[in-house]
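J.: Quick one: structure below, then a few questions.
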Amino acid sequence: MATYYSEEHEWLAVEGDTATLGITKHAAEQLGDVVFVEQQEAGDEFEKGGEIGVIESVKAASELYAPVDGEITEVNEALADNPGALNEDPEGEAWIYKIKIADAAQLEDLMDEAGYKAFIG
Amino acid sequence: MTELKRTPLYDLHVELGGKLVDFAGWEMPVQYPLGIMGEHKQCREKAAVFDVSHMGQVILRGENVGEKLEALCPQAYATLKEGKARYGFFTNADGGIMDDLIVSNAGDHFFVVVNAALRHQDIPHMREHLDGVEVIEIFDRALVAVQGPAAENVVGELCPAARDLKFMETTVADINGVECRISRLGYTGEDGYEISIPEDKAIEITKAFLAHEDCEAAGLGARDSLRLEAGLCLYGNDIDQSTSPIEASLAWAIQKRRKEEGGFPGADRVQKELAEGPAKKLVGIKPTGRAPARQGVEIQCSNGNTIGQITSGVFGPTVGGPVAMGYVAAGHTEPGETVNLIIRGKPQPAEIVALPFVKQNYKR
């Protein structure tokens, strides 16, 4: 399993052609207290750069953009009732989707952990 | 990019780990490490300190200042007693709101606080229209708000005179040997004070407030969610040059004599709307679900017609759900009416509700 990171502050833990997707600790800190998460449904297909959800803090709404092409296979339903989990454990329990990756070559455009750490400074 | 202005409390914001943002050209803390939710609850349950030094503090000196202010504002400032403060606004010739403000009668002068973003408009406006009145903009004092049910103890332990003030009263008193103007008012719906402090003592005195076990620093994020739960308007969001005070549900802030006599800019429109009702009105809106409705969201009535727009919306930490304000057309202003909010293209149910969302807790 390898974990990739996007410039939009998402992490993608990849196993074969499937992956778990969420937002990074850094993103969660920047957002502040998360109060609402709008998720799409299992079966929805998306393209890299497309909007696949919205995360709202007390003050503002932030879009979630797809880091690769793919399809949602599972939605973390627990976030609807407990959006605050995204502040507590964004890189663990509070994953957002499980996805099927359409084009593994797109992973090459993403960063590894060291690259992401350098990116956020 | 022009350089952001800093308040006398800037170094303290940095020391406390404040997350600084550009607010109306000022580098201000939107939150501290406690977070907006925690800071909001701190203010509702105990006490919180806010730096509001970006707002314009103005001294008006001259004969009959209150009377002269009545030519610019629909408030009864001629009869404002010494030691009292009153909320008001400048209106334009069309009856729109130019800015909202707090005017205090300080005895030998009047003390006025205006919005940060409108200092450049309000100061010349007063200089032009207040004949024989010296308009002195204060640049060397901080303005610090201490708000919450424990505010009386936080401030009162350092300044016993503060305990004797009632809501909307103002006085001058020493805090740690420094002369401050202390006014019992605020923008959170809670009891509390706004305190004008000489800039070189501002950090020292603010730290003295923070030393109280019931007091924490809070940023502009919590200030916004607190004021919205309290049903208080934010200039630029809920009120502006086009909205009249009657549309903005601010008729309560216009005293009876002024409603009857007029004599302020735009009085024709204000009196007409008082008599016939405004075409649209600012109301509280409570989304039924969890999705917050932000500024600009369209409001539709049950048959799908557009009836208005959200002007402010946040997640209300005390309410425990989203809260909003917005303008709706006449005929749709009664609490209890069900509406739809069009959030990201999808209708979300909501209800028109009476303001405020959280009971105001003033010491009258």
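Each chain in the structure tokens gets a letter, A, B and so on, in the order shown; residues start at 1 in every chain, and ligands are counted from 1 in the order they appear.
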Report as a PyMOL selection string all protein, DNA and RNA residues lying within 8 Å of Ile136 in chain B, evaluated on only C-alpha atoms, omitting residues in the same chain fewer than 3 positions from it.
T.: chain B and resi 58-60
J.: Do a neighbour search on range 106-109 of chain A at 10 Å with only C-alpha atoms, toss out local chain neighbours closer than 2 positions, and write the hits as a ChimeraX atom specification.
T.: /A:3-7,12,14,48,67-69,101-104,111-112
J.: Check which residues of chain A sit at most 7 Å from chain B using only C-alpha atoms, and return one row each with the closest pair of atoms and their distance in Å to one decimal, ordered by chain and rising number, as a Markdown table.
T.:
```
| residue | atom | partner | partner_atom | distance |
| --- | --- | --- | --- | --- |
| A:Gly32 | CA | B:Gly35 | CA | 6.5 |
| A:Asp33 | CA | B:Met37 | CA | 6.5 |
| A:Val35 | CA | B:Phe315 | CA | 7.0 |
| A:Phe36 | CA | B:Ala291 | CA | 6.0 |
| A:Val58 | CA | B:Phe315 | CA | 4.9 |
| A:Lys59 | CA | B:Val314 | CA | 5.7 |
```
J.: Considering only C-alpha atoms, return as a ChimeraX atom specification whatever protein or nucleic-acid residues lie within 7 Å of range 96-99 of chain A, sequence-local ones (same chain, fewer than 4 positions apart) excluded.
T.: /A:18-22,70-76
J.: Please produce a file of those selected residues containing N, CA and C atoms, as a PDB file, in the first residue's frame.
T.:
```
ATOM      1  N   THR A  18      -7.786   0.143  -6.117  1.00  0.00           N
ATOM      2  CA  THR A  18      -8.722   0.837  -5.222  1.00  0.00           C
ATOM      3  C   THR A  18      -7.934   1.721  -4.261  1.00  0.00           C
ATOM      4  N   ALA A  19      -8.647   2.673  -3.662  1.00  0.00           N
ATOM      5  CA  ALA A  19      -7.977   3.588  -2.738  1.00  0.00           C
ATOM      6  C   ALA A  19      -8.970   4.147  -1.728  1.00  0.00           C
ATOM      7  N   THR A  20      -8.438   4.566  -0.577  1.00  0.00           N
ATOM      8  CA  THR A  20      -9.224   5.308   0.407  1.00  0.00           C
ATOM      9  C   THR A  20      -8.788   6.763   0.303  1.00  0.00           C
ATOM     10  N   LEU A  21      -9.784   7.682   0.341  1.00  0.00           N
ATOM     11  CA  LEU A  21      -9.496   9.095   0.128  1.00  0.00           C
ATOM     12  C   LEU A  21      -9.957   9.920   1.322  1.00  0.00           C
ATOM     13  N   GLY A  22      -9.146  10.887   1.692  1.00  0.00           N
ATOM     14  CA  GLY A  22      -9.537  11.794   2.775  1.00  0.00           C
ATOM     15  C   GLY A  22      -8.781  13.100   2.660  1.00  0.00           C
ATOM     16  N   GLY A  70     -12.085   8.320 -11.472  1.00  0.00           N
ATOM     17  CA  GLY A  70     -12.477   7.093 -10.789  1.00  0.00           C
ATOM     18  C   GLY A  70     -13.962   7.013 -10.494  1.00  0.00           C
ATOM     19  N   GLU A  71     -14.285   6.099  -9.569  1.00  0.00           N
ATOM     20  CA  GLU A  71     -15.680   5.874  -9.194  1.00  0.00           C
ATOM     21  C   GLU A  71     -15.747   5.659  -7.690  1.00  0.00           C
ATOM     22  N   ILE A  72     -16.766   6.230  -7.055  1.00  0.00           N
ATOM     23  CA  ILE A  72     -16.932   6.047  -5.611  1.00  0.00           C
ATOM     24  C   ILE A  72     -17.514   4.657  -5.359  1.00  0.00           C
ATOM     25  N   THR A  73     -16.863   3.882  -4.495  1.00  0.00           N
ATOM     26  CA  THR A  73     -17.380   2.541  -4.198  1.00  0.00           C
ATOM     27  C   THR A  73     -17.997   2.481  -2.797  1.00  0.00           C
ATOM     28  N   GLU A  74     -17.557   3.392  -1.925  1.00  0.00           N
ATOM     29  CA  GLU A  74     -18.105   3.396  -0.561  1.00  0.00           C
ATOM     30  C   GLU A  74     -17.988   4.793   0.016  1.00  0.00           C
ATOM     31  N   VAL A  75     -18.998   5.188   0.785  1.00  0.00           N
ATOM     32  CA  VAL A  75     -19.030   6.513   1.404  1.00  0.00           C
ATOM     33  C   VAL A  75     -18.950   6.336   2.918  1.00  0.00           C
ATOM     34  N   ASN A  76     -18.116   7.129   3.582  1.00  0.00           N
ATOM     35  CA  ASN A  76     -18.056   7.066   5.051  1.00  0.00           C
ATOM     36  C   ASN A  76     -19.259   7.799   5.633  1.00  0.00           C
TER      37      ASN A  76
END
```
J.: List the spatial neighbours of Gly96 in chain B as JSON, numbers by chain - criterion: any atom at most 12 Å away, only C-alpha atoms, same-chain residues fewer than 2 positions off excluded.
T.: {"B": [72, 73, 74, 89, 90, 91, 92, 93, 94, 98, 99, 100, 235, 239, 240, 241, 242, 243, 244, 245, 246, 247, 248, 250, 264, 265, 266, 267, 268, 269, 270]}
J.: Since we have the selection now, will you write its residues out, keeping C-alpha atoms, as a compact mmCIF listing (two decimals), in the first residue's frame?
T.:
```
# COMPACT_ATOMS: atom_id res chain seq x y z
CA LEU B 72 -27.60 62.62 9.79
CA CYS B 73 -29.22 59.85 11.85
CA PRO B 74 -32.84 58.84 12.60
CA PHE B 89 -27.03 54.62 11.79
CA PHE B 90 -26.30 57.23 9.17
CA THR B 91 -28.96 57.19 6.45
CA ASN B 92 -28.55 58.44 2.88
CA ALA B 93 -31.00 60.62 0.91
CA ASP B 94 -32.73 57.46 -0.40
CA MET B 98 -24.60 54.34 5.13
CA ASP B 99 -23.17 52.73 8.26
CA ASP B 100 -24.30 51.67 11.70
CA TYR B 235 -22.86 46.07 7.78
CA ILE B 239 -27.47 46.14 5.73
CA ASP B 240 -26.02 48.50 3.13
CA GLN B 241 -26.64 51.70 1.16
CA SER B 242 -29.70 50.17 -0.53
CA THR B 243 -31.48 48.67 2.48
CA SER B 244 -33.66 50.88 4.66
CA PRO B 245 -33.77 50.53 8.45
CA ILE B 246 -37.39 49.37 8.21
CA GLU B 247 -36.49 46.63 5.71
CA ALA B 248 -33.63 45.66 8.03
CA LEU B 250 -34.32 48.08 12.76
CA PHE B 264 -33.16 62.90 8.73
CA PRO B 265 -31.87 61.85 5.29
CA GLY B 266 -34.35 59.56 3.54
CA ALA B 267 -37.10 60.19 6.11
CA ASP B 268 -39.76 60.06 3.36
CA ARG B 269 -38.98 56.44 2.55
CA VAL B 270 -38.62 55.42 6.19
```
J.: One decimal, Å: what's the distance from CA of Gly88 in chain B over to CA of Gln121 in chain B, could you say?
T.: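 Distance between the two atoms: 16.1 Å.
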J.: Within 7 Å of Ala142 in chain B, counting only C-alpha atoms, which residues show up once you throw out same-chain ones fewer than 6 positions away? Write them as a compact mmCIF listing (two decimals) with C-alpha atoms, in the first residue's frame, please.
T.:
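Result file is around14.txt:
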```
# COMPACT_ATOMS: atom_id res chain seq x y z
CA PRO B 8 -2.00 47.95 19.20
CA SER B 53 -9.42 48.25 17.64
CA SER B 196 -11.15 52.13 24.93
CA ILE B 197 -7.55 51.91 26.17
CA PRO B 198 -4.45 54.04 25.43
CA GLU B 199 -2.45 52.06 22.86
CA ALA B 202 -3.52 47.92 25.61
```
J.: Residues within 10 Å of Asn176 in chain B, please, as a PyMOL selection string. Count only C-alpha atoms; anything in the same chain fewer than 6 positions from it doesn't count.
T.: chain B and resi 158-159+201+204-205+208
J.: Residues at most 8 Å from Arg86 in chain B, counting only C-alpha atoms, excluding those fewer than 3 positions away in the same chain, as a PyMOL selection string?
T.: chain B and resi 77+80+102-104+168
J.: Write the residues of the selection above to a file with N, CA and C atoms, as a compact mmCIF listing (two decimals), in the first residue's frame.
T.:
```txt
# COMPACT_ATOMS: atom_id res chain seq x y z
N TYR B 77 -30.72 61.64 19.29
CA TYR B 77 -29.46 61.89 19.99
C TYR B 77 -29.48 63.21 20.76
N LEU B 80 -30.18 62.24 24.22
CA LEU B 80 -29.36 61.18 24.82
C LEU B 80 -28.67 61.73 26.07
N ILE B 102 -22.34 53.31 17.18
CA ILE B 102 -22.77 53.53 18.57
C ILE B 102 -22.37 54.95 18.94
N VAL B 103 -23.32 55.71 19.43
CA VAL B 103 -23.07 57.09 19.86
C VAL B 103 -23.23 57.14 21.37
N SER B 104 -22.23 57.72 22.07
CA SER B 104 -22.31 57.89 23.52
C SER B 104 -22.20 59.36 23.88
N MET B 168 -25.83 49.65 27.96
CA MET B 168 -25.83 50.92 27.20
C MET B 168 -25.52 52.13 28.08
```
J.: Tell me, which residues of range 147-276 of chain B carry DSSP strand (DSSP E or B), written as an MDAnalysis selection string?
T.: chainID B and resid 147 169:175 178:183 190 192:198 215:217 235 239
J.: Hey, can you spit out that residue selection with N, CA and C atoms as a PDB file, in the first residue's frame?
T.:
```pdb
ATOM      1  N   GLN B 147     -16.718  40.081  26.698  1.00  0.00           N
ATOM      2  CA  GLN B 147     -18.114  39.700  26.540  1.00  0.00           C
ATOM      3  C   GLN B 147     -18.388  38.342  27.182  1.00  0.00           C
ATOM      4  N   GLU B 169     -24.675  51.907  29.101  1.00  0.00           N
ATOM      5  CA  GLU B 169     -24.146  53.031  29.869  1.00  0.00           C
ATOM      6  C   GLU B 169     -22.629  53.071  29.699  1.00  0.00           C
ATOM      7  N   THR B 170     -22.056  54.274  29.825  1.00  0.00           N
ATOM      8  CA  THR B 170     -20.634  54.463  29.595  1.00  0.00           C
ATOM      9  C   THR B 170     -20.042  55.366  30.670  1.00  0.00           C
ATOM     10  N   THR B 171     -18.765  55.119  30.997  1.00  0.00           N
ATOM     11  CA  THR B 171     -18.096  55.959  31.987  1.00  0.00           C
ATOM     12  C   THR B 171     -16.591  55.940  31.725  1.00  0.00           C
ATOM     13  N   VAL B 172     -15.879  56.813  32.441  1.00  0.00           N
ATOM     14  CA  VAL B 172     -14.425  56.787  32.395  1.00  0.00           C
ATOM     15  C   VAL B 172     -13.946  56.309  33.760  1.00  0.00           C
ATOM     16  N   ALA B 173     -13.033  55.337  33.760  1.00  0.00           N
ATOM     17  CA  ALA B 173     -12.518  54.817  35.028  1.00  0.00           C
ATOM     18  C   ALA B 173     -11.117  54.260  34.825  1.00  0.00           C
ATOM     19  N   ASP B 174     -10.382  54.125  35.918  1.00  0.00           N
ATOM     20  CA  ASP B 174      -9.020  53.596  35.843  1.00  0.00           C
ATOM     21  C   ASP B 174      -9.018  52.064  35.849  1.00  0.00           C
ATOM     22  N   ILE B 175      -8.182  51.502  34.989  1.00  0.00           N
ATOM     23  CA  ILE B 175      -7.882  50.072  35.055  1.00  0.00           C
ATOM     24  C   ILE B 175      -6.367  49.968  35.178  1.00  0.00           C
ATOM     25  N   VAL B 178      -4.670  53.162  34.624  1.00  0.00           N
ATOM     26  CA  VAL B 178      -4.752  53.791  33.304  1.00  0.00           C
ATOM     27  C   VAL B 178      -6.195  54.215  33.043  1.00  0.00           C
ATOM     28  N   GLU B 179      -6.382  55.448  32.603  1.00  0.00           N
ATOM     29  CA  GLU B 179      -7.739  55.933  32.376  1.00  0.00           C
ATOM     30  C   GLU B 179      -8.312  55.335  31.086  1.00  0.00           C
ATOM     31  N   CYS B 180      -9.450  54.651  31.216  1.00  0.00           N
ATOM     32  CA  CYS B 180     -10.101  53.995  30.077  1.00  0.00           C
ATOM     33  C   CYS B 180     -11.550  54.450  29.975  1.00  0.00           C
ATOM     34  N   ARG B 181     -12.100  54.401  28.769  1.00  0.00           N
ATOM     35  CA  ARG B 181     -13.558  54.586  28.611  1.00  0.00           C
ATOM     36  C   ARG B 181     -14.191  53.206  28.578  1.00  0.00           C
ATOM     37  N   ILE B 182     -15.134  52.997  29.481  1.00  0.00           N
ATOM     38  CA  ILE B 182     -15.752  51.678  29.621  1.00  0.00           C
ATOM     39  C   ILE B 182     -17.236  51.798  29.313  1.00  0.00           C
ATOM     40  N   SER B 183     -17.709  51.030  28.338  1.00  0.00           N
ATOM     41  CA  SER B 183     -19.120  51.069  27.947  1.00  0.00           C
ATOM     42  C   SER B 183     -19.696  49.666  28.056  1.00  0.00           C
ATOM     43  N   GLU B 190     -24.420  38.894  24.546  1.00  0.00           N
ATOM     44  CA  GLU B 190     -24.136  38.646  25.967  1.00  0.00           C
ATOM     45  C   GLU B 190     -23.912  39.974  26.681  1.00  0.00           C
ATOM     46  N   GLY B 192     -21.574  42.500  28.730  1.00  0.00           N
ATOM     47  CA  GLY B 192     -20.146  42.729  28.516  1.00  0.00           C
ATOM     48  C   GLY B 192     -19.829  44.190  28.293  1.00  0.00           C
ATOM     49  N   TYR B 193     -18.568  44.421  27.979  1.00  0.00           N
ATOM     50  CA  TYR B 193     -18.067  45.791  27.864  1.00  0.00           C
ATOM     51  C   TYR B 193     -17.265  45.967  26.589  1.00  0.00           C
ATOM     52  N   GLU B 194     -17.218  47.218  26.109  1.00  0.00           N
ATOM     53  CA  GLU B 194     -16.209  47.620  25.139  1.00  0.00           C
ATOM     54  C   GLU B 194     -15.392  48.710  25.824  1.00  0.00           C
ATOM     55  N   ILE B 195     -14.063  48.544  25.786  1.00  0.00           N
ATOM     56  CA  ILE B 195     -13.188  49.384  26.591  1.00  0.00           C
ATOM     57  C   ILE B 195     -12.137  50.037  25.694  1.00  0.00           C
ATOM     58  N   SER B 196     -12.114  51.360  25.724  1.00  0.00           N
ATOM     59  CA  SER B 196     -11.154  52.126  24.931  1.00  0.00           C
ATOM     60  C   SER B 196      -9.932  52.409  25.799  1.00  0.00           C
ATOM     61  N   ILE B 197      -8.763  51.923  25.338  1.00  0.00           N
ATOM     62  CA  ILE B 197      -7.549  51.907  26.172  1.00  0.00           C
ATOM     63  C   ILE B 197      -6.409  52.609  25.426  1.00  0.00           C
ATOM     64  N   PRO B 198      -5.616  53.454  26.100  1.00  0.00           N
ATOM     65  CA  PRO B 198      -4.453  54.044  25.432  1.00  0.00           C
ATOM     66  C   PRO B 198      -3.571  52.941  24.841  1.00  0.00           C
ATOM     67  N   CYS B 215     -11.610  33.738  31.476  1.00  0.00           N
ATOM     68  CA  CYS B 215     -11.497  34.572  30.274  1.00  0.00           C
ATOM     69  C   CYS B 215     -10.483  34.020  29.270  1.00  0.00           C
ATOM     70  N   GLU B 216     -10.881  33.971  27.992  1.00  0.00           N
ATOM     71  CA  GLU B 216      -9.999  33.531  26.909  1.00  0.00           C
ATOM     72  C   GLU B 216     -10.118  34.512  25.739  1.00  0.00           C
ATOM     73  N   ALA B 217      -9.113  34.531  24.891  1.00  0.00           N
ATOM     74  CA  ALA B 217      -9.164  35.380  23.696  1.00  0.00           C
ATOM     75  C   ALA B 217     -10.035  34.726  22.629  1.00  0.00           C
ATOM     76  N   TYR B 235     -22.861  45.151   8.907  1.00  0.00           N
ATOM     77  CA  TYR B 235     -22.862  46.072   7.779  1.00  0.00           C
ATOM     78  C   TYR B 235     -22.094  45.448   6.610  1.00  0.00           C
ATOM     79  N   ILE B 239     -27.023  44.772   5.986  1.00  0.00           N
ATOM     80  CA  ILE B 239     -27.473  46.142   5.732  1.00  0.00           C
ATOM     81  C   ILE B 239     -26.438  46.834   4.847  1.00  0.00           C
TER      82      ILE B 239
END
```
J.: As an exercise, work out the distance from CA of Tyr87 in chain B to CA of Glu70 in chain B in Å and give it to one decimal place.
T.: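 Calculated distance between CA of Tyr87 in chain B and CA of Glu70 in chain B is 13.0 Å.
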J.: Quick one: distance from CA of Pro347 in chain B to CA of Val323 in chain B in Å, one decimal?
T.: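 Taking CA of Pro347 in chain B as the start and CA of Val323 in chain B as the end point, the length is 16.3 Å.
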